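Structure file run.pdb with PDB, C-alpha atoms:
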```pdb
ATOM      1  CA  MET A   1       0.000   0.000   0.000
ATOM      2  CA  ILE A   2       1.226   3.513  -0.799
ATOM      3  CA  VAL A   3       0.211   6.411   1.401
ATOM      4  CA  LYS A   4       0.625  10.021   0.326
ATOM      5  CA  GLN A   5       0.682  12.772   2.909
ATOM      6  CA  SER A   6      -2.125  15.335   2.599
ATOM      7  CA  CYS A   7      -2.543  18.078   5.213
ATOM      8  CA  LEU A   8      -1.153  15.951   8.023
ATOM      9  CA  SER A   9       2.377  16.168   9.304
ATOM     10  CA  VAL A  10       2.138  12.908  11.223
ATOM     11  CA  MET A  11       4.359  10.806   8.956
ATOM     12  CA  VAL A  12       6.506  11.058   5.897
ATOM     13  CA  LEU A  13       5.771   7.802   4.135
ATOM     14  CA  LEU A  14       7.627   5.967   1.396
ATOM     15  CA  LEU A  15       6.952   2.825  -0.550
ATOM     16  CA  ALA A  16       9.842   0.418  -0.150
ATOM     17  CA  SER A  17       9.662  -3.231  -1.052
ATOM     18  CA  GLY A  18       5.890  -3.211  -0.736
ATOM     19  CA  THR A  19       6.000  -1.868   2.809
ATOM     20  CA  ILE A  20       5.316   1.576   4.191
ATOM     21  CA  HIS A  21       8.120   3.206   6.102
ATOM     22  CA  ALA A  22       7.645   6.344   8.158
ATOM     23  CA  ALA A  23      10.375   8.832   8.941
ATOM     24  CA  ASP A  24       8.834   9.405  12.364
ATOM     25  CA  GLU A  25       7.422   6.017  13.265
ATOM     26  CA  PRO A  26       5.853   5.717  16.699
ATOM     27  CA  GLU A  27       7.949   3.942  19.306
ATOM     28  CA  ALA A  28       7.440   0.209  19.564
ATOM     29  CA  GLY A  29       4.399  -0.573  21.687
ATOM     30  CA  SER A  30       2.931   2.913  21.389
ATOM     31  CA  ALA A  31      -0.533   3.401  19.936
ATOM     32  CA  PRO A  32      -0.839   4.974  16.490
ATOM     33  CA  ARG A  33      -2.148   8.524  16.308
ATOM     34  CA  VAL A  34      -5.885   8.523  15.609
ATOM     35  CA  LEU A  35      -7.010  10.904  12.883
ATOM     36  CA  ALA A  36      -9.573  13.413  14.094
ATOM     37  CA  VAL A  37     -12.905  14.500  12.698
ATOM     38  CA  GLY A  38     -12.261  17.360  10.281
ATOM     39  CA  GLU A  39      -8.803  16.171   9.221
ATOM     40  CA  VAL A  40      -8.136  15.241   5.613
ATOM     41  CA  LEU A  41      -7.707  11.527   5.016
ATOM     42  CA  PRO A  42      -4.247  11.019   3.500
ATOM     43  CA  GLU A  43      -4.342   9.491   0.035
ATOM     44  CA  PHE A  44      -3.535   5.807  -0.077
ATOM     45  CA  GLU A  45      -3.427   2.830  -2.394
ATOM     46  CA  SER A  46      -4.423  -0.704  -1.527
ATOM     47  CA  ILE A  47      -5.465  -3.945  -3.221
ATOM     48  CA  ASP A  48      -9.086  -5.038  -3.598
ATOM     49  CA  GLU A  49     -10.544  -8.545  -3.437
ATOM     50  CA  GLN A  50      -9.798  -9.083  -7.124
ATOM     51  CA  GLY A  51      -6.120  -8.289  -6.621
ATOM     52  CA  LEU A  52      -6.493  -4.951  -8.419
ATOM     53  CA  PRO A  53      -5.057  -1.619  -7.240
ATOM     54  CA  TRP A  54      -7.540   0.582  -5.379
ATOM     55  CA  LYS A  55      -6.575   4.265  -5.124
ATOM     56  CA  SER A  56      -8.364   6.558  -2.713
ATOM     57  CA  ALA A  57      -7.796   9.463  -5.126
ATOM     58  CA  ASP A  58     -10.132   7.723  -7.585
ATOM     59  CA  HIS A  59     -12.954   7.580  -5.009
ATOM     60  CA  VAL A  60     -12.680  10.379  -2.452
ATOM     61  CA  GLY A  61     -14.637  13.448  -3.538
ATOM     62  CA  LYS A  62     -16.954  11.570  -5.861
ATOM     63  CA  LYS A  63     -19.170  10.149  -3.126
ATOM     64  CA  ILE A  64     -19.201   9.923   0.633
ATOM     65  CA  LEU A  65     -16.799   7.103   1.455
ATOM     66  CA  VAL A  66     -17.487   4.699   4.310
ATOM     67  CA  LEU A  67     -14.504   2.568   5.320
ATOM     68  CA  TYR A  68     -15.547  -0.093   7.771
ATOM     69  CA  PHE A  69     -12.637  -1.924   9.358
ATOM     70  CA  TYR A  70     -13.367  -5.360  10.765
ATOM     71  CA  PRO A  71     -11.250  -8.046  12.464
ATOM     72  CA  GLY A  72     -11.493 -10.802   9.865
ATOM     73  CA  ASP A  73     -13.362 -12.651   7.150
ATOM     74  CA  PHE A  74     -15.454 -15.669   8.176
ATOM     75  CA  THR A  75     -15.722 -14.689  11.860
ATOM     76  CA  GLY A  76     -19.135 -14.442  13.534
ATOM     77  CA  GLY A  77     -19.500 -10.700  14.093
ATOM     78  CA  CYS A  78     -17.783  -9.855  10.811
ATOM     79  CA  ILE A  79     -20.147 -12.106   8.863
ATOM     80  CA  ARG A  80     -23.166 -10.433  10.481
ATOM     81  CA  GLN A  81     -21.726  -6.964   9.792
ATOM     82  CA  ALA A  82     -21.002  -7.768   6.130
ATOM     83  CA  GLN A  83     -24.461  -9.300   5.654
ATOM     84  CA  ALA A  84     -26.162  -6.246   7.192
ATOM     85  CA  TYR A  85     -24.216  -3.989   4.835
ATOM     86  CA  ARG A  86     -25.055  -6.292   1.915
ATOM     87  CA  ASP A  87     -28.764  -6.227   2.758
ATOM     88  CA  GLY A  88     -28.807  -2.427   3.132
ATOM     89  CA  LEU A  89     -26.437  -1.605   0.265
ATOM     90  CA  THR A  90     -29.079  -0.257  -2.135
ATOM     91  CA  LYS A  91     -30.339   2.214   0.461
ATOM     92  CA  ILE A  92     -26.769   3.183   1.371
ATOM     93  CA  GLU A  93     -25.833   3.801  -2.250
ATOM     94  CA  GLU A  94     -28.992   5.886  -2.764
ATOM     95  CA  LEU A  95     -27.555   8.253  -0.140
ATOM     96  CA  GLY A  96     -24.499   8.825  -2.332
ATOM     97  CA  VAL A  97     -22.222   6.543  -0.329
ATOM     98  CA  GLU A  98     -19.500   4.176  -1.506
ATOM     99  CA  LEU A  99     -18.979   1.344   0.966
ATOM    100  CA  VAL A 100     -15.598  -0.341   1.419
ATOM    101  CA  GLY A 101     -14.707  -3.065   3.923
ATOM    102  CA  VAL A 102     -11.121  -3.356   5.186
ATOM    103  CA  SER A 103      -9.451  -6.150   7.135
ATOM    104  CA  GLY A 104      -6.078  -7.784   7.564
ATOM    105  CA  ASP A 105      -7.098 -10.694   5.361
ATOM    106  CA  GLU A 106      -5.383 -11.314   2.053
ATOM    107  CA  VAL A 107      -6.921 -11.150  -1.429
ATOM    108  CA  ALA A 108      -7.762 -14.881  -1.716
ATOM    109  CA  THR A 109      -9.618 -14.851   1.616
ATOM    110  CA  HIS A 110     -11.568 -11.741   0.577
ATOM    111  CA  GLN A 111     -12.491 -13.354  -2.750
ATOM    112  CA  LEU A 112     -13.898 -16.415  -1.030
ATOM    113  CA  PHE A 113     -15.653 -14.372   1.686
ATOM    114  CA  LYS A 114     -17.307 -12.115  -0.889
ATOM    115  CA  GLU A 115     -18.418 -15.078  -3.016
ATOM    116  CA  THR A 116     -19.641 -17.181  -0.077
ATOM    117  CA  TYR A 117     -21.786 -14.399   1.410
ATOM    118  CA  SER A 118     -22.852 -12.704  -1.884
ATOM    119  CA  LEU A 119     -21.259  -9.381  -0.974
ATOM    120  CA  LYS A 120     -21.414  -6.612  -3.569
ATOM    121  CA  HIS A 121     -19.163  -3.983  -1.987
ATOM    122  CA  THR A 122     -15.382  -3.699  -2.260
ATOM    123  CA  LEU A 123     -13.100  -5.386   0.274
ATOM    124  CA  LEU A 124      -9.545  -4.093   0.687
ATOM    125  CA  ALA A 125      -6.706  -6.375   1.776
ATOM    126  CA  ASP A 126      -4.775  -4.554   4.512
ATOM    127  CA  SER A 127      -2.594  -7.569   5.286
ATOM    128  CA  GLN A 128       0.185  -5.529   6.891
ATOM    129  CA  GLY A 129      -2.157  -3.149   8.739
ATOM    130  CA  GLU A 130      -0.820  -0.003   7.044
ATOM    131  CA  LEU A 131      -4.214   1.518   6.287
ATOM    132  CA  ALA A 132      -5.493   0.738   9.776
ATOM    133  CA  THR A 133      -2.382   2.326  11.284
ATOM    134  CA  LEU A 134      -2.759   5.359   9.016
ATOM    135  CA  VAL A 135      -6.215   6.007  10.453
ATOM    136  CA  GLY A 136      -5.118   5.144  13.990
ATOM    137  CA  LEU A 137      -6.750   1.770  14.556
ATOM    138  CA  PRO A 138      -5.159  -0.775  16.843
ATOM    139  CA  VAL A 139      -3.572  -3.668  14.938
ATOM    140  CA  SER A 140      -2.739  -7.019  16.523
ATOM    141  CA  ASP A 141      -1.455 -10.404  15.456
ATOM    142  CA  GLY A 142      -3.374 -12.359  12.863
ATOM    143  CA  GLY A 143      -4.876 -15.776  13.162
ATOM    144  CA  ARG A 144      -6.143 -18.812  11.319
ATOM    145  CA  VAL A 145      -9.213 -18.473   9.161
ATOM    146  CA  ARG A 146     -11.333 -21.581   8.659
ATOM    147  CA  PRO A 147     -13.967 -20.529   6.141
ATOM    148  CA  ARG A 148     -17.493 -21.865   6.445
ATOM    149  CA  THR A 149     -20.626 -21.492   4.372
ATOM    150  CA  PRO A 150     -23.738 -19.732   5.746
ATOM    151  CA  ASP A 151     -25.024 -23.134   6.936
ATOM    152  CA  ARG A 152     -21.727 -23.576   8.870
ATOM    153  CA  THR A 153     -20.300 -26.249   6.532
ATOM    154  CA  SER A 154     -16.512 -26.192   6.186
ATOM    155  CA  ILE A 155     -15.289 -25.013   2.789
ATOM    156  CA  THR A 156     -12.970 -27.496   1.114
ATOM    157  CA  ASP A 157     -10.616 -27.446  -1.854
ATOM    158  CA  ALA A 158     -10.907 -29.567  -5.014
ATOM    159  CA  ASP A 159      -9.378 -32.543  -3.154
ATOM    160  CA  GLY A 160     -11.917 -32.323  -0.338
ATOM    161  CA  LYS A 161      -9.371 -30.929   2.120
ATOM    162  CA  ARG A 162     -10.618 -28.234   4.495
ATOM    163  CA  ILE A 163      -9.312 -24.787   3.508
ATOM    164  CA  VAL A 164      -7.396 -22.825   6.146
ATOM    165  CA  PHE A 165      -6.069 -19.317   5.550
ATOM    166  CA  GLN A 166      -3.613 -17.403   7.715
ATOM    167  CA  ARG A 167      -4.689 -13.792   8.367
ATOM    168  CA  PRO A 168      -1.461 -11.762   8.783
ATOM    169  CA  VAL A 169      -2.914  -9.089  11.093
ATOM    170  CA  THR A 170      -6.157  -8.360  12.908
ATOM    171  CA  THR A 171      -7.555  -4.840  13.100
ATOM    172  CA  ALA A 172     -10.055  -3.333  15.481
ATOM    173  CA  ARG A 173     -13.672  -2.892  14.378
ATOM    174  CA  TRP A 174     -14.077   0.808  13.519
ATOM    175  CA  THR A 175     -16.135   2.706  10.958
ATOM    176  CA  VAL A 176     -14.753   5.851   9.323
ATOM    177  CA  VAL A 177     -16.855   8.191   7.175
ATOM    178  CA  ILE A 178     -15.080  10.540   4.729
ATOM    179  CA  ASP A 179     -17.058  13.417   3.239
ATOM    180  CA  ARG A 180     -16.885  14.663  -0.344
ATOM    181  CA  ASP A 181     -14.118  17.107   0.602
ATOM    182  CA  GLY A 182     -11.917  14.214   1.703
ATOM    183  CA  LYS A 183     -12.288  15.104   5.379
ATOM    184  CA  ILE A 184     -13.177  12.697   8.122
ATOM    185  CA  ALA A 185     -16.802  13.296   9.058
ATOM    186  CA  SER A 186     -17.100  10.525  11.649
ATOM    187  CA  ILE A 187     -14.977   7.930  13.397
ATOM    188  CA  ARG A 188     -16.750   5.226  15.368
ATOM    189  CA  SER A 189     -14.462   3.113  17.515
ATOM    190  CA  ARG A 190     -17.320   1.359  19.309
ATOM    191  CA  VAL A 191     -19.175  -0.542  16.648
ATOM    192  CA  ASP A 192     -21.981  -3.065  16.943
ATOM    193  CA  PRO A 193     -21.516  -5.301  13.895
ATOM    194  CA  VAL A 194     -25.252  -5.985  13.620
ATOM    195  CA  THR A 195     -26.371  -2.329  13.607
ATOM    196  CA  ASP A 196     -23.333  -0.606  12.061
ATOM    197  CA  SER A 197     -24.955  -0.366   8.628
ATOM    198  CA  ASP A 198     -27.867   1.586  10.133
TER     199      ASP A 198
END
```

Give the structure from this file in structure tokens form.
Amino acid sequence: MIVKQSCLSVMVLLLASGTIHAADEPEAGSAPRVLAVGEVLPEFESIDEQGLPWKSADHVGKKILVLYFYPGDFTGGCIRQAQAYRDGLTKIEELGVELVGVSGDEVATHQLFKETYSLKHTLLADSQGELATLVGLPVSDGGRVRPRTPDRTSITDADGKRIVFQRPVTTARWTVVIDRDGKIASIRSRVDPVTDSD
């Protein structure tokens, strides 16, 4: 992911070997700085569930952008949150909103999650936690992902072997709303996955 500095002087970021490096990185163990309402969201690039580049500059300013960060694909609360957004997506889009989910899962996991639960909105793979850190979300270690269908059946590969993915990082569940001027209109750090789409 590439992050470009806007009006913030928090970090000077560079792309190096596919990783973001900051000139003034926070000390180890310290919490990232949380962006505040009214601040401009720095431009960034990520990868969507199809493995294609996703540039914030192509989206911010065209619609209201809702970035909902969630811990991981195929987990209970995250499934319910994604399904609620899926079921309310038409109404959300009628309000001039573009919805984007973000987690520490990789592209292949997002592809399967989106297909399994018939999701229509974009999912960004933040497998190193750079986007979460940019916004100020806590990022922790990843975990194993054992995908299941809506009826709780294990998903298997062509040989009948149960699929297991490794999620590199886990992010907190936050929802960030960016207005058409590219400024943060709302940051919710206490999110109920069932009612977040409301």

Would you compute, for all listed atoms of region 106-117 of chain A, the axis-aligned bounding box grown by 5 Å on each side, and then report its centre and edge lengths in Å rounded to one decimal, as lines of an AutoDock Vina configuration file?
```
center_x = -13.6
center_y = -14.2
center_z = -0.5
size_x = 26.4
size_y = 16.0
size_z = 15.1
```

Residues at most 10 Å from region 183-190 of chain A, counting only C-alpha atoms, excluding those fewer than 6 positions away in the same chain, as number ranges by chain?
A: 34-42, 60-61, 64-69, 135, 137, 172-177, 196

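The space between CA of Gly143 (chain A) and CA of Glu106 (chain A) spans 12.0 Å.
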
If the PyMOL selection byres ((chain A and resi 76-82) around 8) were run on this exact file, what residues would it hold? Put them as a CSV table (one decimal) with C-alpha atoms, in the frame of the given file.
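Resulting contents of part04.csv:
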```csv
chain,number,residue,atom,x,y,z
A,70,TYR,CA,-13.4,-5.4,10.8
A,71,PRO,CA,-11.2,-8.0,12.5
A,72,GLY,CA,-11.5,-10.8,9.9
A,73,ASP,CA,-13.4,-12.7,7.2
A,74,PHE,CA,-15.5,-15.7,8.2
A,75,THR,CA,-15.7,-14.7,11.9
A,83,GLN,CA,-24.5,-9.3,5.7
A,84,ALA,CA,-26.2,-6.2,7.2
A,85,TYR,CA,-24.2,-4.0,4.8
A,86,ARG,CA,-25.1,-6.3,1.9
A,117,TYR,CA,-21.8,-14.4,1.4
A,119,LEU,CA,-21.3,-9.4,-1.0
A,193,PRO,CA,-21.5,-5.3,13.9
A,194,VAL,CA,-25.3,-6.0,13.6
A,195,THR,CA,-26.4,-2.3,13.6
A,196,ASP,CA,-23.3,-0.6,12.1
A,197,SER,CA,-25.0,-0.4,8.6
```

Closest to His110 (chain A) among A:Asp198, A:Asp48, A:Asp58, A:Asp181, using all atoms listed in the file?
A:Asp48

Please output region 167-190 of chain A, rebuilt to include N, CA, C and O atoms, as an mmCIF file, keeping the file's coordinate frame.
```cif
data_model
loop_
_atom_site.group_PDB
_atom_site.id
_atom_site.type_symbol
_atom_site.label_atom_id
_atom_site.label_comp_id
_atom_site.auth_asym_id
_atom_site.auth_seq_id
_atom_site.Cartn_x
_atom_site.Cartn_y
_atom_site.Cartn_z
ATOM 1 N N ARG A 167 -4.516 -15.246 8.431
ATOM 2 C CA ARG A 167 -4.689 -13.792 8.367
ATOM 3 C C ARG A 167 -3.453 -13.160 8.999
ATOM 4 O O ARG A 167 -3.159 -13.417 10.162
ATOM 5 N N PRO A 168 -2.705 -12.325 8.251
ATOM 6 C CA PRO A 168 -1.461 -11.762 8.783
ATOM 7 C C PRO A 168 -1.644 -10.851 9.993
ATOM 8 O O PRO A 168 -0.853 -10.898 10.926
ATOM 9 N N VAL A 169 -2.660 -9.988 9.969
ATOM 10 C CA VAL A 169 -2.914 -9.089 11.093
ATOM 11 C C VAL A 169 -4.412 -9.014 11.348
ATOM 12 O O VAL A 169 -5.223 -9.331 10.480
ATOM 13 N N THR A 170 -4.763 -8.574 12.535
ATOM 14 C CA THR A 170 -6.157 -8.360 12.908
ATOM 15 C C THR A 170 -6.314 -6.907 13.313
ATOM 16 O O THR A 170 -5.526 -6.400 14.120
ATOM 17 N N THR A 171 -7.310 -6.242 12.751
ATOM 18 C CA THR A 171 -7.555 -4.840 13.100
ATOM 19 C C THR A 171 -8.775 -4.735 13.991
ATOM 20 O O THR A 171 -9.615 -5.631 14.039
ATOM 21 N N ALA A 172 -8.878 -3.609 14.670
ATOM 22 C CA ALA A 172 -10.055 -3.333 15.481
ATOM 23 C C ALA A 172 -11.250 -3.077 14.571
ATOM 24 O O ALA A 172 -11.093 -2.819 13.381
ATOM 25 N N ARG A 173 -12.445 -3.148 15.133
ATOM 26 C CA ARG A 173 -13.672 -2.892 14.378
ATOM 27 C C ARG A 173 -14.038 -1.410 14.544
ATOM 28 O O ARG A 173 -14.532 -1.003 15.591
ATOM 29 N N TRP A 174 -13.754 -0.623 13.532
ATOM 30 C CA TRP A 174 -14.077 0.808 13.519
ATOM 31 C C TRP A 174 -14.763 1.127 12.201
ATOM 32 O O TRP A 174 -14.545 0.449 11.194
ATOM 33 N N THR A 175 -15.540 2.208 12.195
ATOM 34 C CA THR A 175 -16.135 2.706 10.958
ATOM 35 C C THR A 175 -15.763 4.176 10.800
ATOM 36 O O THR A 175 -15.939 4.969 11.716
ATOM 37 N N VAL A 176 -15.235 4.497 9.614
ATOM 38 C CA VAL A 176 -14.753 5.851 9.323
ATOM 39 C C VAL A 176 -15.512 6.373 8.117
ATOM 40 O O VAL A 176 -15.569 5.714 7.078
ATOM 41 N N VAL A 177 -16.095 7.563 8.255
ATOM 42 C CA VAL A 177 -16.855 8.191 7.175
ATOM 43 C C VAL A 177 -16.061 9.392 6.668
ATOM 44 O O VAL A 177 -15.667 10.259 7.460
ATOM 45 N N ILE A 178 -15.831 9.447 5.360
ATOM 46 C CA ILE A 178 -15.080 10.540 4.729
ATOM 47 C C ILE A 178 -16.048 11.302 3.836
ATOM 48 O O ILE A 178 -16.710 10.711 2.975
ATOM 49 N N ASP A 179 -16.111 12.619 4.032
ATOM 50 C CA ASP A 179 -17.058 13.417 3.239
ATOM 51 C C ASP A 179 -16.514 13.679 1.839
ATOM 52 O O ASP A 179 -15.415 13.257 1.486
ATOM 53 N N ARG A 180 -17.276 14.412 1.052
ATOM 54 C CA ARG A 180 -16.885 14.663 -0.344
ATOM 55 C C ARG A 180 -15.685 15.589 -0.473
ATOM 56 O O ARG A 180 -15.110 15.711 -1.549
ATOM 57 N N ASP A 181 -15.319 16.265 0.614
ATOM 58 C CA ASP A 181 -14.118 17.107 0.602
ATOM 59 C C ASP A 181 -12.876 16.329 1.027
ATOM 60 O O ASP A 181 -11.798 16.896 1.141
ATOM 61 N N GLY A 182 -13.043 15.041 1.284
ATOM 62 C CA GLY A 182 -11.917 14.214 1.703
ATOM 63 C C GLY A 182 -11.611 14.315 3.187
ATOM 64 O O GLY A 182 -10.590 13.812 3.645
ATOM 65 N N LYS A 183 -12.502 14.954 3.936
ATOM 66 C CA LYS A 183 -12.288 15.104 5.379
ATOM 67 C C LYS A 183 -13.060 14.040 6.143
ATOM 68 O O LYS A 183 -14.114 13.577 5.707
ATOM 69 N N ILE A 184 -12.522 13.693 7.278
ATOM 70 C CA ILE A 184 -13.177 12.697 8.122
ATOM 71 C C ILE A 184 -14.383 13.340 8.786
ATOM 72 O O ILE A 184 -14.260 14.330 9.506
ATOM 73 N N ALA A 185 -15.559 12.777 8.500
ATOM 74 C CA ALA A 185 -16.802 13.296 9.058
ATOM 75 C C ALA A 185 -17.186 12.573 10.339
ATOM 76 O O ALA A 185 -17.864 13.131 11.197
ATOM 77 N N SER A 186 -16.741 11.319 10.478
ATOM 78 C CA SER A 186 -17.100 10.525 11.649
ATOM 79 C C SER A 186 -16.113 9.380 11.812
ATOM 80 O O SER A 186 -15.683 8.789 10.822
ATOM 81 N N ILE A 187 -15.767 9.115 13.062
ATOM 82 C CA ILE A 187 -14.977 7.930 13.397
ATOM 83 C C ILE A 187 -15.695 7.237 14.549
ATOM 84 O O ILE A 187 -15.893 7.830 15.608
ATOM 85 N N ARG A 188 -16.096 5.998 14.302
ATOM 86 C CA ARG A 188 -16.750 5.226 15.368
ATOM 87 C C ARG A 188 -15.820 4.099 15.781
ATOM 88 O O ARG A 188 -15.553 3.193 14.988
ATOM 89 N N SER A 189 -15.352 4.151 17.006
ATOM 90 C CA SER A 189 -14.462 3.113 17.515
ATOM 91 C C SER A 189 -15.205 2.079 18.356
ATOM 92 O O SER A 189 -14.623 1.080 18.753
ATOM 93 N N ARG A 190 -16.457 2.333 18.629
ATOM 94 C CA ARG A 190 -17.320 1.359 19.309
ATOM 95 C C ARG A 190 -18.420 1.007 18.340
ATOM 96 O O ARG A 190 -19.344 1.793 18.130
#
```
